[in-house]
>>> print(open('entry24.cif').read())   # mmCIF, N, CA and C atoms
data_work
#
loop_
_atom_site.label_atom_id
_atom_site.label_comp_id
_atom_site.auth_asym_id
_atom_site.auth_seq_id
_atom_site.Cartn_x
_atom_site.Cartn_y
_atom_site.Cartn_z
N ARG A 1 91.50 47.60 140.87
CA ARG A 1 91.94 48.37 142.01
C ARG A 1 92.42 47.42 143.11
N VAL A 2 93.22 47.94 144.02
CA VAL A 2 93.78 47.12 145.08
C VAL A 2 92.74 46.91 146.18
N GLN A 3 92.61 45.66 146.59
CA GLN A 3 91.72 45.32 147.69
C GLN A 3 92.51 44.59 148.76
N VAL A 4 92.33 45.01 150.00
CA VAL A 4 93.01 44.39 151.14
C VAL A 4 91.93 43.93 152.11
N VAL A 5 91.88 42.64 152.38
CA VAL A 5 90.81 42.10 153.22
C VAL A 5 91.42 41.26 154.34
N GLU A 6 91.15 41.67 155.56
CA GLU A 6 91.60 40.92 156.74
C GLU A 6 90.46 40.06 157.27
N SER A 7 90.83 38.99 157.96
CA SER A 7 89.84 38.14 158.61
C SER A 7 90.50 37.44 159.79
N GLY A 8 89.67 36.88 160.65
CA GLY A 8 90.19 36.05 161.74
C GLY A 8 90.13 36.68 163.12
N GLY A 9 89.77 37.95 163.19
CA GLY A 9 89.68 38.57 164.51
C GLY A 9 88.51 38.03 165.31
N GLY A 10 88.48 38.37 166.60
CA GLY A 10 87.40 37.92 167.43
C GLY A 10 87.69 38.12 168.89
N LEU A 11 86.86 37.53 169.71
CA LEU A 11 87.00 37.59 171.15
C LEU A 11 87.61 36.30 171.65
N VAL A 12 88.73 36.40 172.34
CA VAL A 12 89.40 35.22 172.87
C VAL A 12 89.79 35.47 174.33
N GLN A 13 90.10 34.41 175.03
CA GLN A 13 90.55 34.53 176.41
C GLN A 13 92.07 34.58 176.46
N ALA A 14 92.58 35.22 177.48
CA ALA A 14 94.02 35.31 177.65
C ALA A 14 94.64 33.92 177.66
N GLY A 15 95.76 33.81 176.95
CA GLY A 15 96.45 32.54 176.88
C GLY A 15 96.09 31.70 175.67
N GLU A 16 95.02 32.07 175.00
CA GLU A 16 94.59 31.32 173.82
C GLU A 16 95.36 31.77 172.58
N SER A 17 95.06 31.12 171.46
CA SER A 17 95.69 31.44 170.19
C SER A 17 94.66 31.95 169.21
N LEU A 18 95.15 32.68 168.21
CA LEU A 18 94.29 33.22 167.18
C LEU A 18 95.10 33.37 165.90
N ARG A 19 94.46 33.19 164.77
CA ARG A 19 95.15 33.32 163.49
C ARG A 19 94.45 34.37 162.65
N LEU A 20 95.18 35.38 162.27
CA LEU A 20 94.67 36.42 161.39
C LEU A 20 95.13 36.14 159.97
N SER A 21 94.26 36.43 159.01
CA SER A 21 94.59 36.22 157.60
C SER A 21 94.37 37.51 156.82
N CYS A 22 95.09 37.63 155.73
CA CYS A 22 94.94 38.81 154.88
C CYS A 22 95.13 38.40 153.43
N VAL A 23 94.29 38.93 152.59
CA VAL A 23 94.40 38.70 151.15
C VAL A 23 94.44 40.07 150.46
N ILE A 24 95.42 40.25 149.60
CA ILE A 24 95.55 41.50 148.85
C ILE A 24 95.50 41.16 147.36
N SER A 25 94.60 41.79 146.65
CA SER A 25 94.46 41.53 145.22
C SER A 25 94.56 42.84 144.44
N GLY A 26 94.85 42.69 143.16
CA GLY A 26 94.90 43.85 142.28
C GLY A 26 96.15 44.69 142.38
N LEU A 27 97.20 44.13 142.96
CA LEU A 27 98.43 44.91 143.11
C LEU A 27 99.11 45.15 141.77
N PRO A 28 99.64 46.34 141.58
CA PRO A 28 100.49 46.56 140.40
C PRO A 28 101.71 45.65 140.46
N ASP A 29 102.30 45.37 139.34
CA ASP A 29 103.41 44.43 139.27
C ASP A 29 104.64 45.02 139.94
N TYR A 30 104.94 44.48 141.14
CA TYR A 30 106.10 44.94 141.90
C TYR A 30 106.33 43.95 143.02
N ASP A 31 107.42 44.10 143.74
CA ASP A 31 107.69 43.27 144.91
C ASP A 31 107.16 43.97 146.15
N TYR A 32 106.30 43.27 146.89
CA TYR A 32 105.65 43.89 148.04
C TYR A 32 106.01 43.18 149.34
N ALA A 33 106.38 43.97 150.32
CA ALA A 33 106.46 43.48 151.69
C ALA A 33 105.08 43.64 152.31
N MET A 34 104.76 42.75 153.23
CA MET A 34 103.46 42.84 153.88
C MET A 34 103.65 42.90 155.38
N ALA A 35 102.71 43.51 156.04
CA ALA A 35 102.88 43.70 157.48
C ALA A 35 101.54 43.76 158.18
N TRP A 36 101.60 43.54 159.48
CA TRP A 36 100.47 43.73 160.38
C TRP A 36 100.78 44.90 161.30
N PHE A 37 99.78 45.74 161.46
CA PHE A 37 99.84 46.83 162.41
C PHE A 37 98.64 46.71 163.34
N ARG A 38 98.71 47.41 164.46
CA ARG A 38 97.56 47.39 165.36
C ARG A 38 97.39 48.76 166.01
N GLN A 39 96.17 49.01 166.41
CA GLN A 39 95.88 50.32 167.00
C GLN A 39 94.73 50.18 167.98
N VAL A 40 94.89 50.85 169.10
CA VAL A 40 93.82 50.95 170.09
C VAL A 40 93.37 52.40 170.12
N PRO A 41 92.13 52.66 170.49
CA PRO A 41 91.63 54.04 170.51
C PRO A 41 92.50 54.94 171.37
N GLY A 42 92.83 56.10 170.83
CA GLY A 42 93.61 57.07 171.58
C GLY A 42 95.11 56.89 171.48
N LYS A 43 95.55 55.83 170.80
CA LYS A 43 96.98 55.59 170.66
C LYS A 43 97.37 55.53 169.19
N GLN A 44 98.66 55.71 168.93
CA GLN A 44 99.14 55.64 167.57
C GLN A 44 99.17 54.20 167.07
N ARG A 45 99.03 54.09 165.78
CA ARG A 45 99.15 52.77 165.17
C ARG A 45 100.59 52.29 165.29
N GLU A 46 100.76 51.01 165.59
CA GLU A 46 102.10 50.47 165.77
C GLU A 46 102.30 49.22 164.93
N GLY A 47 103.54 49.04 164.48
CA GLY A 47 103.88 47.86 163.72
C GLY A 47 103.97 46.64 164.61
N VAL A 48 103.49 45.52 164.12
CA VAL A 48 103.50 44.26 164.87
C VAL A 48 104.48 43.28 164.25
N ALA A 49 104.34 43.04 162.95
CA ALA A 49 105.20 42.09 162.26
C ALA A 49 105.18 42.40 160.78
N CYS A 50 106.29 42.11 160.11
CA CYS A 50 106.31 42.29 158.67
C CYS A 50 107.10 41.15 158.03
N VAL A 51 106.83 40.92 156.75
CA VAL A 51 107.50 39.86 156.00
C VAL A 51 107.88 40.42 154.65
N GLY A 52 109.09 40.13 154.21
CA GLY A 52 109.58 40.63 152.94
C GLY A 52 108.91 39.95 151.76
N TRP A 53 109.15 40.51 150.56
CA TRP A 53 108.44 40.06 149.37
C TRP A 53 108.69 38.61 149.03
N ALA A 54 109.84 38.06 149.41
CA ALA A 54 110.14 36.66 149.13
C ALA A 54 109.64 35.73 150.23
N GLY A 55 109.09 36.29 151.28
CA GLY A 55 108.56 35.48 152.36
C GLY A 55 109.59 35.01 153.36
N GLU A 56 110.82 35.47 153.23
CA GLU A 56 111.88 34.98 154.10
C GLU A 56 112.25 35.97 155.21
N ALA A 57 112.48 37.21 154.86
CA ALA A 57 112.82 38.21 155.87
C ALA A 57 111.61 38.52 156.72
N LYS A 58 111.74 38.40 158.03
CA LYS A 58 110.63 38.64 158.94
C LYS A 58 111.12 39.45 160.13
N TYR A 59 110.30 40.39 160.54
CA TYR A 59 110.65 41.24 161.68
C TYR A 59 109.44 41.36 162.58
N TYR A 60 109.72 41.43 163.88
CA TYR A 60 108.66 41.49 164.86
C TYR A 60 108.93 42.62 165.85
N ALA A 61 107.85 43.23 166.30
CA ALA A 61 107.96 44.19 167.39
C ALA A 61 108.29 43.42 168.67
N ASP A 62 109.03 44.06 169.56
CA ASP A 62 109.47 43.38 170.78
C ASP A 62 108.33 42.75 171.57
N PRO A 63 107.17 43.41 171.73
CA PRO A 63 106.11 42.81 172.57
C PRO A 63 105.55 41.50 172.05
N VAL A 64 105.79 41.19 170.78
CA VAL A 64 105.18 39.98 170.21
C VAL A 64 106.21 38.93 169.83
N LYS A 65 107.48 39.24 169.97
CA LYS A 65 108.51 38.27 169.62
C LYS A 65 108.35 36.99 170.41
N GLY A 66 108.44 35.88 169.70
CA GLY A 66 108.30 34.59 170.35
C GLY A 66 106.86 34.13 170.51
N ARG A 67 105.90 35.03 170.26
CA ARG A 67 104.49 34.66 170.39
C ARG A 67 103.73 34.71 169.07
N PHE A 68 104.11 35.63 168.20
CA PHE A 68 103.43 35.81 166.90
C PHE A 68 104.35 35.31 165.80
N THR A 69 103.75 34.72 164.77
CA THR A 69 104.49 34.26 163.61
C THR A 69 103.79 34.72 162.35
N ILE A 70 104.49 35.47 161.52
CA ILE A 70 103.92 35.96 160.27
C ILE A 70 104.38 35.07 159.12
N SER A 71 103.49 34.83 158.16
CA SER A 71 103.82 33.97 157.03
C SER A 71 103.23 34.54 155.75
N LEU A 72 104.01 34.47 154.69
CA LEU A 72 103.54 34.84 153.36
C LEU A 72 103.40 33.55 152.56
N HIS A 73 102.20 33.28 152.05
CA HIS A 73 101.91 31.95 151.55
C HIS A 73 102.16 31.76 150.06
N ASN A 74 102.17 32.82 149.31
CA ASN A 74 102.34 32.68 147.87
C ASN A 74 103.20 33.81 147.32
N PRO A 75 104.43 33.92 147.72
CA PRO A 75 105.28 35.04 147.29
C PRO A 75 105.51 35.09 145.80
N GLU A 76 105.27 33.98 145.10
CA GLU A 76 105.52 33.97 143.66
C GLU A 76 104.43 34.71 142.88
N ASN A 77 103.30 34.95 143.53
CA ASN A 77 102.19 35.65 142.88
C ASN A 77 102.24 37.12 143.28
N ARG A 78 102.73 37.98 142.40
CA ARG A 78 102.99 39.37 142.76
C ARG A 78 101.72 40.21 142.80
N SER A 79 100.62 39.73 142.23
CA SER A 79 99.41 40.55 142.20
C SER A 79 98.34 40.09 143.17
N PHE A 80 98.54 38.92 143.78
CA PHE A 80 97.55 38.37 144.70
C PHE A 80 98.32 37.72 145.84
N LEU A 81 98.35 38.38 146.97
CA LEU A 81 99.15 37.91 148.10
C LEU A 81 98.27 37.43 149.25
N GLU A 82 98.70 36.34 149.85
CA GLU A 82 98.00 35.79 151.00
C GLU A 82 98.97 35.70 152.17
N MET A 83 98.58 36.29 153.27
CA MET A 83 99.45 36.35 154.43
C MET A 83 98.65 35.97 155.66
N SER A 84 99.33 35.43 156.66
CA SER A 84 98.66 35.14 157.91
C SER A 84 99.60 35.47 159.07
N MET A 85 99.01 35.57 160.25
CA MET A 85 99.80 35.77 161.46
C MET A 85 99.20 34.90 162.56
N GLN A 86 99.98 33.96 163.02
CA GLN A 86 99.57 33.10 164.11
C GLN A 86 99.94 33.78 165.41
N MET A 87 98.96 33.95 166.28
CA MET A 87 99.17 34.63 167.55
C MET A 87 98.98 33.63 168.66
N LYS A 88 99.99 33.44 169.49
CA LYS A 88 99.91 32.49 170.59
C LYS A 88 100.04 33.22 171.92
N ASN A 89 99.52 32.59 172.95
CA ASN A 89 99.61 33.15 174.30
C ASN A 89 99.20 34.62 174.30
N ILE A 90 98.04 34.86 173.75
CA ILE A 90 97.55 36.23 173.63
C ILE A 90 97.19 36.77 175.01
N GLY A 91 97.46 38.07 175.21
CA GLY A 91 97.10 38.71 176.46
C GLY A 91 96.26 39.95 176.23
N PRO A 92 95.69 40.51 177.28
CA PRO A 92 94.85 41.71 177.14
C PRO A 92 95.57 42.86 176.44
N ALA A 93 96.89 42.94 176.58
CA ALA A 93 97.64 44.01 175.91
C ALA A 93 97.63 43.85 174.40
N ASP A 94 97.24 42.70 173.90
CA ASP A 94 97.17 42.47 172.46
C ASP A 94 95.83 42.89 171.87
N SER A 95 94.91 43.27 172.70
CA SER A 95 93.61 43.74 172.21
C SER A 95 93.79 45.00 171.38
N ALA A 96 93.29 44.96 170.16
CA ALA A 96 93.46 46.11 169.25
C ALA A 96 92.75 45.81 167.94
N MET A 97 92.64 46.85 167.12
CA MET A 97 92.25 46.63 165.73
C MET A 97 93.52 46.31 164.96
N TYR A 98 93.52 45.21 164.25
CA TYR A 98 94.69 44.78 163.50
C TYR A 98 94.48 45.07 162.03
N PHE A 99 95.50 45.70 161.44
CA PHE A 99 95.44 46.10 160.05
C PHE A 99 96.51 45.38 159.24
N CYS A 100 96.13 44.94 158.06
CA CYS A 100 97.06 44.38 157.10
C CYS A 100 97.48 45.49 156.15
N ALA A 101 98.76 45.46 155.75
CA ALA A 101 99.26 46.51 154.87
C ALA A 101 100.31 45.95 153.93
N ALA A 102 100.46 46.61 152.79
CA ALA A 102 101.47 46.22 151.81
C ALA A 102 102.30 47.44 151.43
N ARG A 103 103.56 47.17 151.16
CA ARG A 103 104.47 48.26 150.79
C ARG A 103 105.33 47.78 149.64
N ALA A 104 105.43 48.63 148.63
CA ALA A 104 106.22 48.29 147.44
C ALA A 104 107.68 48.58 147.70
N SER A 105 108.24 47.85 148.62
CA SER A 105 109.64 48.00 148.97
C SER A 105 109.97 47.00 150.07
N TYR A 106 111.00 47.30 150.85
CA TYR A 106 111.41 46.35 151.87
C TYR A 106 110.48 46.38 153.08
N CYS A 107 110.65 45.39 153.91
CA CYS A 107 109.83 45.20 155.11
C CYS A 107 110.14 46.29 156.15
N THR A 108 109.11 46.87 156.73
CA THR A 108 109.30 47.86 157.78
C THR A 108 108.10 47.88 158.70
N LEU A 109 108.31 48.22 159.95
CA LEU A 109 107.22 48.33 160.92
C LEU A 109 106.80 49.78 161.13
N ASP A 110 107.30 50.67 160.30
CA ASP A 110 106.91 52.07 160.39
C ASP A 110 105.52 52.26 159.79
N PRO A 111 104.55 52.72 160.57
CA PRO A 111 103.18 52.85 160.05
C PRO A 111 103.03 53.95 159.01
N LYS A 112 104.04 54.76 158.80
CA LYS A 112 103.96 55.82 157.78
C LYS A 112 104.30 55.28 156.39
N GLU A 113 104.81 54.09 156.30
CA GLU A 113 105.39 53.61 155.05
C GLU A 113 104.48 52.81 154.12
N PRO A 114 103.50 52.03 154.59
CA PRO A 114 102.72 51.20 153.66
C PRO A 114 101.99 52.00 152.59
N ASP A 115 101.82 51.32 151.45
CA ASP A 115 101.11 51.92 150.32
C ASP A 115 99.63 51.57 150.32
N TYR A 116 99.30 50.41 150.87
CA TYR A 116 97.91 49.94 150.87
C TYR A 116 97.56 49.41 152.26
N TRP A 117 96.30 49.68 152.63
CA TRP A 117 95.81 49.27 153.95
C TRP A 117 94.46 48.58 153.84
N GLY A 118 94.24 47.66 154.76
CA GLY A 118 92.92 47.07 154.90
C GLY A 118 92.10 47.86 155.90
N GLN A 119 90.86 47.41 156.09
CA GLN A 119 89.94 48.09 157.00
C GLN A 119 90.13 47.66 158.45
N GLY A 120 90.81 46.56 158.65
CA GLY A 120 91.09 46.09 160.00
C GLY A 120 90.18 44.99 160.47
N THR A 121 90.69 44.22 161.42
CA THR A 121 89.90 43.18 162.07
C THR A 121 90.17 43.29 163.57
N GLN A 122 89.11 43.26 164.36
CA GLN A 122 89.22 43.51 165.79
C GLN A 122 89.59 42.25 166.55
N VAL A 123 90.58 42.39 167.42
CA VAL A 123 90.96 41.33 168.34
C VAL A 123 90.73 41.84 169.75
N THR A 124 89.93 41.10 170.50
CA THR A 124 89.64 41.47 171.88
C THR A 124 89.99 40.29 172.78
N VAL A 125 90.81 40.56 173.78
CA VAL A 125 91.28 39.50 174.67
C VAL A 125 90.74 39.76 176.06
N SER A 126 90.04 38.80 176.59
CA SER A 126 89.50 38.92 177.94
C SER A 126 90.45 38.24 178.93
N SER A 127 90.56 38.82 180.10
CA SER A 127 91.48 38.26 181.10
C SER A 127 90.77 37.29 182.01
#
>>> encode(input="entry24.cif", output="C-alpha coordinates")
Amino acid sequence: RVQVVESGGGLVQAGESLRLSCVISGLPDYDYAMAWFRQVPGKQREGVACVGWAGEAKYYADPVKGRFTISLHNPENRSFLEMSMQMKNIGPADSAMYFCAARASYCTLDPKEPDYWGQGTQVTVSS
(Lines of atoms letter the chains of each structure in order from A and count residues from 1; the text may use other names and numbers.)
(Lines give C-alpha, C1' and ligand atoms only; values in the text may rest on other atoms or scores of the structure.)
Protein backbone atom coordinates (compact mmCIF):
# COMPACT_ATOMS: atom_id res chain seq x y z
CA ARG A 1 0.00 0.00 0.00
CA VAL A 2 1.07 3.60 -0.50
CA GLN A 3 2.67 5.33 2.46
CA VAL A 4 3.39 9.05 2.60
CA VAL A 5 5.52 10.26 5.50
CA GLU A 6 6.48 13.88 6.14
CA SER A 7 9.11 15.10 8.57
CA GLY A 8 11.00 18.23 9.51
CA GLY A 9 8.30 20.45 10.94
CA GLY A 10 8.74 22.32 14.18
CA LEU A 11 8.82 25.63 15.96
CA VAL A 12 11.11 28.26 14.49
CA GLN A 13 11.58 31.99 14.78
CA ALA A 14 10.76 34.42 12.01
CA GLY A 15 13.61 34.78 9.57
CA GLU A 16 15.00 31.31 10.17
CA SER A 17 15.12 28.38 7.78
CA LEU A 18 13.52 24.96 7.88
CA ARG A 19 13.67 21.88 5.68
CA LEU A 20 10.70 19.59 5.22
CA SER A 21 11.15 16.07 3.87
CA CYS A 22 8.74 13.55 2.42
CA VAL A 23 9.08 9.90 1.52
CA ILE A 24 6.46 8.06 -0.52
CA SER A 25 6.64 4.30 -0.88
CA GLY A 26 4.53 1.62 -2.48
CA LEU A 27 3.45 3.66 -5.47
CA PRO A 28 2.00 1.86 -8.46
CA ASP A 29 4.23 2.04 -11.51
CA TYR A 30 3.59 5.46 -13.03
CA ASP A 31 5.08 8.94 -13.29
CA TYR A 32 4.24 11.02 -10.25
CA ALA A 33 4.42 14.72 -9.60
CA MET A 34 4.89 15.64 -5.97
CA ALA A 35 3.79 18.69 -4.11
CA TRP A 36 3.54 20.45 -0.78
CA PHE A 37 0.31 21.92 0.46
CA ARG A 38 -0.47 23.75 3.67
CA GLN A 39 -3.51 24.46 5.74
CA VAL A 40 -4.36 26.50 8.79
CA PRO A 41 -7.50 25.88 10.87
CA GLY A 42 -10.56 27.46 9.33
CA LYS A 43 -8.99 27.97 5.92
CA GLN A 44 -8.81 25.93 2.75
CA ARG A 45 -5.80 23.88 1.94
CA GLU A 46 -3.51 25.68 -0.48
CA GLY A 47 -0.76 24.60 -2.81
CA VAL A 48 2.76 25.72 -1.90
CA ALA A 49 5.11 24.08 -4.39
CA CYS A 50 5.16 21.17 -6.78
CA VAL A 51 7.76 19.30 -8.81
CA GLY A 52 7.22 17.21 -11.91
CA TRP A 53 8.00 13.52 -12.19
CA ALA A 54 11.43 14.13 -13.73
CA GLY A 55 12.39 16.58 -11.01
CA GLU A 56 12.81 19.47 -13.40
CA ALA A 57 9.48 21.29 -13.72
CA LYS A 58 8.84 23.26 -10.54
CA TYR A 59 6.06 25.66 -9.62
CA TYR A 60 5.58 27.82 -6.58
CA ALA A 61 2.72 29.75 -5.07
CA ASP A 62 3.33 33.50 -5.16
CA PRO A 63 3.74 33.90 -1.36
CA VAL A 64 6.71 31.53 -1.29
CA LYS A 65 8.49 32.34 -4.54
CA GLY A 66 12.12 33.14 -3.93
CA ARG A 67 12.00 31.73 -0.39
CA PHE A 68 11.07 28.04 -0.78
CA THR A 69 12.83 25.49 -2.95
CA ILE A 70 11.35 22.09 -3.75
CA SER A 71 13.54 19.18 -4.81
CA LEU A 72 12.90 15.62 -5.97
CA HIS A 73 15.89 13.49 -5.04
CA ASN A 74 15.40 10.22 -6.86
CA PRO A 75 13.11 10.68 -9.88
CA GLU A 76 14.42 7.47 -11.43
CA ASN A 77 12.75 5.40 -8.71
CA ARG A 78 9.05 5.38 -9.63
CA SER A 79 7.87 3.44 -6.57
CA PHE A 80 9.87 5.17 -3.83
CA LEU A 81 10.13 8.93 -4.00
CA GLU A 82 12.04 11.29 -1.77
CA MET A 83 11.28 14.98 -1.83
CA SER A 84 12.25 17.96 0.26
CA MET A 85 11.41 21.64 0.52
CA GLN A 86 13.90 24.15 1.83
CA MET A 87 12.15 27.08 3.45
CA LYS A 88 14.10 30.29 3.99
CA ASN A 89 13.20 33.56 5.65
CA ILE A 90 10.14 32.00 7.19
CA GLY A 91 7.48 34.30 8.59
CA PRO A 92 4.42 33.91 10.83
CA ALA A 93 2.24 33.71 7.71
CA ASP A 94 3.99 30.42 6.89
CA SER A 95 2.70 28.77 10.04
CA ALA A 96 0.52 25.86 8.98
CA MET A 97 0.21 22.12 8.75
CA TYR A 98 2.23 21.09 5.71
CA PHE A 99 1.14 18.11 3.66
CA CYS A 100 3.07 16.09 1.11
CA ALA A 101 1.11 14.75 -1.84
CA ALA A 102 1.62 12.78 -5.04
CA ARG A 103 -0.31 12.87 -8.27
CA ALA A 104 -0.11 10.44 -11.15
CA SER A 105 0.12 13.17 -13.73
CA TYR A 106 1.60 16.61 -14.21
CA CYS A 107 2.52 19.07 -11.49
CA THR A 108 -0.31 21.18 -10.08
CA LEU A 109 -1.00 23.27 -6.98
CA ASP A 110 -4.71 22.45 -7.03
CA PRO A 111 -5.51 20.68 -3.74
CA LYS A 112 -8.31 18.72 -5.41
CA GLU A 113 -5.92 16.86 -7.69
CA PRO A 114 -3.46 14.69 -5.67
CA ASP A 115 -3.98 10.96 -5.46
CA TYR A 116 -2.07 10.36 -2.23
CA TRP A 117 -1.63 12.44 0.90
CA GLY A 118 0.47 12.34 4.01
CA GLN A 119 -0.71 13.09 7.53
CA GLY A 120 1.10 16.42 7.67
CA THR A 121 3.86 18.04 9.66
CA GLN A 122 3.28 21.19 11.68
CA VAL A 123 5.32 24.33 11.11
CA THR A 124 4.94 27.09 13.67
CA VAL A 125 6.74 30.39 13.27
CA SER A 126 7.09 32.77 16.17
CA SER A 127 7.56 36.48 15.56
>>> atom_distance(input="entry24.cif", atom1="atom C of Tyr98 (chain A)", atom2="atom N of Pro63 (chain A)")
16.1 Å
>>> resolve_selection(input="entry24.cif", expression="the PyMOL selection byres ((chain A and resi 86) around 6.5)", output="list in words")
Leu18, Arg19, Leu20, Arg67, Phe68, Thr69, Ile70, Ser71, Ser84, Met85, Met87 and Lys88 of chain A
>>> select_by_dssp(input="entry24.cif", residues="chain A", states="strand (DSSP E)", output="PyMOL selection string")
chain A and resi 3-7+10-13+18-25+33-39+46-51+58-60+68-72+80-87+96-103+116-117+121-126
>>> residues_around(input="entry24.cif", residues="region 48-52 of chain A", least_positions_apart="4", cutoff="8 Å", atoms="all atoms listed in the file", output="count of residues only")
30
>>> resolve_selection(input="entry24.cif", expression="the PyMOL selection byres ((chain A and resi 28) around 6)", output="PDB file with N, CA and C atoms, in the coordinates of the input")
ATOM      1  N   GLY A  26      94.850  42.690 143.160  1.00  0.00           N
ATOM      2  CA  GLY A  26      94.900  43.850 142.280  1.00  0.00           C
ATOM      3  C   GLY A  26      96.150  44.690 142.380  1.00  0.00           C
ATOM      4  N   LEU A  27      97.200  44.130 142.960  1.00  0.00           N
ATOM      5  CA  LEU A  27      98.430  44.910 143.110  1.00  0.00           C
ATOM      6  C   LEU A  27      99.110  45.150 141.770  1.00  0.00           C
ATOM      7  N   ASP A  29     102.300  45.370 139.340  1.00  0.00           N
ATOM      8  CA  ASP A  29     103.410  44.430 139.270  1.00  0.00           C
ATOM      9  C   ASP A  29     104.640  45.020 139.940  1.00  0.00           C
ATOM     10  N   TYR A  30     104.940  44.480 141.140  1.00  0.00           N
ATOM     11  CA  TYR A  30     106.100  44.940 141.900  1.00  0.00           C
ATOM     12  C   TYR A  30     106.330  43.950 143.020  1.00  0.00           C
ATOM     13  N   ARG A  78     102.730  37.980 142.400  1.00  0.00           N
ATOM     14  CA  ARG A  78     102.990  39.370 142.760  1.00  0.00           C
ATOM     15  C   ARG A  78     101.720  40.210 142.800  1.00  0.00           C
ATOM     16  N   SER A  79     100.620  39.730 142.230  1.00  0.00           N
ATOM     17  CA  SER A  79      99.410  40.550 142.200  1.00  0.00           C
ATOM     18  C   SER A  79      98.340  40.090 143.170  1.00  0.00           C
TER      19      SER A  79
END
>>> resolve_selection(input="entry24.cif", expression="the PyMOL selection byres ((chain A and resi 121-125) around 5)", output="list of chain:residue names")
A:Gly9, A:Gly10, A:Leu11, A:Val12, A:Pro92, A:Ser95, A:Ala96, A:Met97, A:Tyr98, A:Gln119, A:Gly120, A:Ser126, A:Ser127
>>> residues_around(input="entry24.cif", residues="Asp115 (chain A)", least_positions_apart="6", cutoff="6 Å", atoms="only N, CA and C atoms", output="PyMOL selection string")
chain A and resi 102-104
>>> residues_around(input="entry24.cif", residues="Glu82 (chain A)", least_positions_apart="6", cutoff="6.5 Å", atoms="all atoms listed in the file", output="PDB file with N, CA and C atoms, in the coordinates of the input")
ATOM      1  N   CYS A  22      95.090  37.630 155.730  1.00  0.00           N
ATOM      2  CA  CYS A  22      94.940  38.810 154.880  1.00  0.00           C
ATOM      3  C   CYS A  22      95.130  38.400 153.430  1.00  0.00           C
ATOM      4  N   VAL A  23      94.290  38.930 152.590  1.00  0.00           N
ATOM      5  CA  VAL A  23      94.400  38.700 151.150  1.00  0.00           C
ATOM      6  C   VAL A  23      94.440  40.070 150.460  1.00  0.00           C
ATOM      7  N   ILE A  24      95.420  40.250 149.600  1.00  0.00           N
ATOM      8  CA  ILE A  24      95.550  41.500 148.850  1.00  0.00           C
ATOM      9  C   ILE A  24      95.500  41.160 147.360  1.00  0.00           C
ATOM     10  N   SER A  71     103.490  34.830 158.160  1.00  0.00           N
ATOM     11  CA  SER A  71     103.820  33.970 157.030  1.00  0.00           C
ATOM     12  C   SER A  71     103.230  34.540 155.750  1.00  0.00           C
ATOM     13  N   LEU A  72     104.010  34.470 154.690  1.00  0.00           N
ATOM     14  CA  LEU A  72     103.540  34.840 153.360  1.00  0.00           C
ATOM     15  C   LEU A  72     103.400  33.550 152.560  1.00  0.00           C
ATOM     16  N   HIS A  73     102.200  33.280 152.050  1.00  0.00           N
ATOM     17  CA  HIS A  73     101.910  31.950 151.550  1.00  0.00           C
ATOM     18  C   HIS A  73     102.160  31.760 150.060  1.00  0.00           C
ATOM     19  N   ASN A  74     102.170  32.820 149.310  1.00  0.00           N
ATOM     20  CA  ASN A  74     102.340  32.680 147.870  1.00  0.00           C
ATOM     21  C   ASN A  74     103.200  33.810 147.320  1.00  0.00           C
TER      22      ASN A  74
END
>>> build_atoms(input="entry24.cif", residues="region 117-126 of chain A", atoms="all heavy atoms", output="CSV table (one decimal), in the coordinates of the input")
chain,number,residue,atom,x,y,z
A,117,TRP,N,96.3,49.7,152.6
A,117,TRP,CA,95.8,49.3,154.0
A,117,TRP,C,94.5,48.6,153.8
A,117,TRP,O,93.7,48.9,153.0
A,117,TRP,CB,95.6,50.5,154.8
A,117,TRP,CG,96.8,51.2,155.3
A,117,TRP,CD1,97.5,52.2,154.7
A,117,TRP,CD2,97.6,50.9,156.5
A,117,TRP,NE1,98.6,52.6,155.4
A,117,TRP,CE2,98.7,51.8,156.5
A,117,TRP,CE3,97.5,50.0,157.5
A,117,TRP,CZ2,99.7,51.8,157.5
A,117,TRP,CZ3,98.5,50.0,158.5
A,117,TRP,CH2,99.5,50.9,158.5
A,118,GLY,N,94.2,47.7,154.8
A,118,GLY,CA,92.9,47.1,154.9
A,118,GLY,C,92.1,47.9,155.9
A,118,GLY,O,92.6,48.8,156.5
A,119,GLN,N,90.9,47.4,156.1
A,119,GLN,CA,89.9,48.1,157.0
A,119,GLN,C,90.1,47.7,158.4
A,119,GLN,O,89.6,48.3,159.4
A,119,GLN,CB,88.5,47.8,156.6
A,119,GLN,CG,88.2,48.5,155.2
A,119,GLN,CD,88.3,50.0,155.2
A,119,GLN,OE1,87.7,50.6,156.1
A,119,GLN,NE2,89.0,50.5,154.3
A,120,GLY,N,90.8,46.6,158.6
A,120,GLY,CA,91.1,46.1,160.0
A,120,GLY,C,90.2,45.0,160.5
A,120,GLY,O,89.1,44.8,160.0
A,121,THR,N,90.7,44.2,161.4
A,121,THR,CA,89.9,43.2,162.1
A,121,THR,C,90.2,43.3,163.6
A,121,THR,O,91.3,43.4,164.0
A,121,THR,CB,90.3,41.8,161.5
A,121,THR,OG1,89.4,40.8,162.1
A,121,THR,CG2,91.7,41.4,161.8
A,122,GLN,N,89.1,43.3,164.4
A,122,GLN,CA,89.2,43.5,165.8
A,122,GLN,C,89.6,42.2,166.6
A,122,GLN,O,89.0,41.2,166.4
A,122,GLN,CB,87.9,44.1,166.3
A,122,GLN,CG,87.9,44.3,167.8
A,122,GLN,CD,88.8,45.5,168.2
A,122,GLN,OE1,88.9,46.5,167.5
A,122,GLN,NE2,89.5,45.4,169.3
A,123,VAL,N,90.6,42.4,167.4
A,123,VAL,CA,91.0,41.3,168.3
A,123,VAL,C,90.7,41.8,169.8
A,123,VAL,O,91.2,42.9,170.1
A,123,VAL,CB,92.4,40.9,168.2
A,123,VAL,CG1,92.9,39.9,169.2
A,123,VAL,CG2,92.7,40.3,166.8
A,124,THR,N,89.9,41.1,170.5
A,124,THR,CA,89.6,41.5,171.9
A,124,THR,C,90.0,40.3,172.8
A,124,THR,O,89.5,39.2,172.6
A,124,THR,CB,88.2,41.8,172.1
A,124,THR,OG1,87.8,42.9,171.2
A,124,THR,CG2,87.9,42.3,173.5
A,125,VAL,N,90.8,40.6,173.8
A,125,VAL,CA,91.3,39.5,174.7
A,125,VAL,C,90.7,39.8,176.1
A,125,VAL,O,91.0,40.8,176.6
A,125,VAL,CB,92.8,39.5,174.7
A,125,VAL,CG1,93.3,38.3,175.6
A,125,VAL,CG2,93.4,39.3,173.3
A,126,SER,N,90.0,38.8,176.6
A,126,SER,CA,89.5,38.9,177.9
A,126,SER,C,90.4,38.2,178.9
A,126,SER,O,91.0,37.2,178.6
A,126,SER,CB,88.1,38.3,178.0
A,126,SER,OG,88.2,36.9,177.7
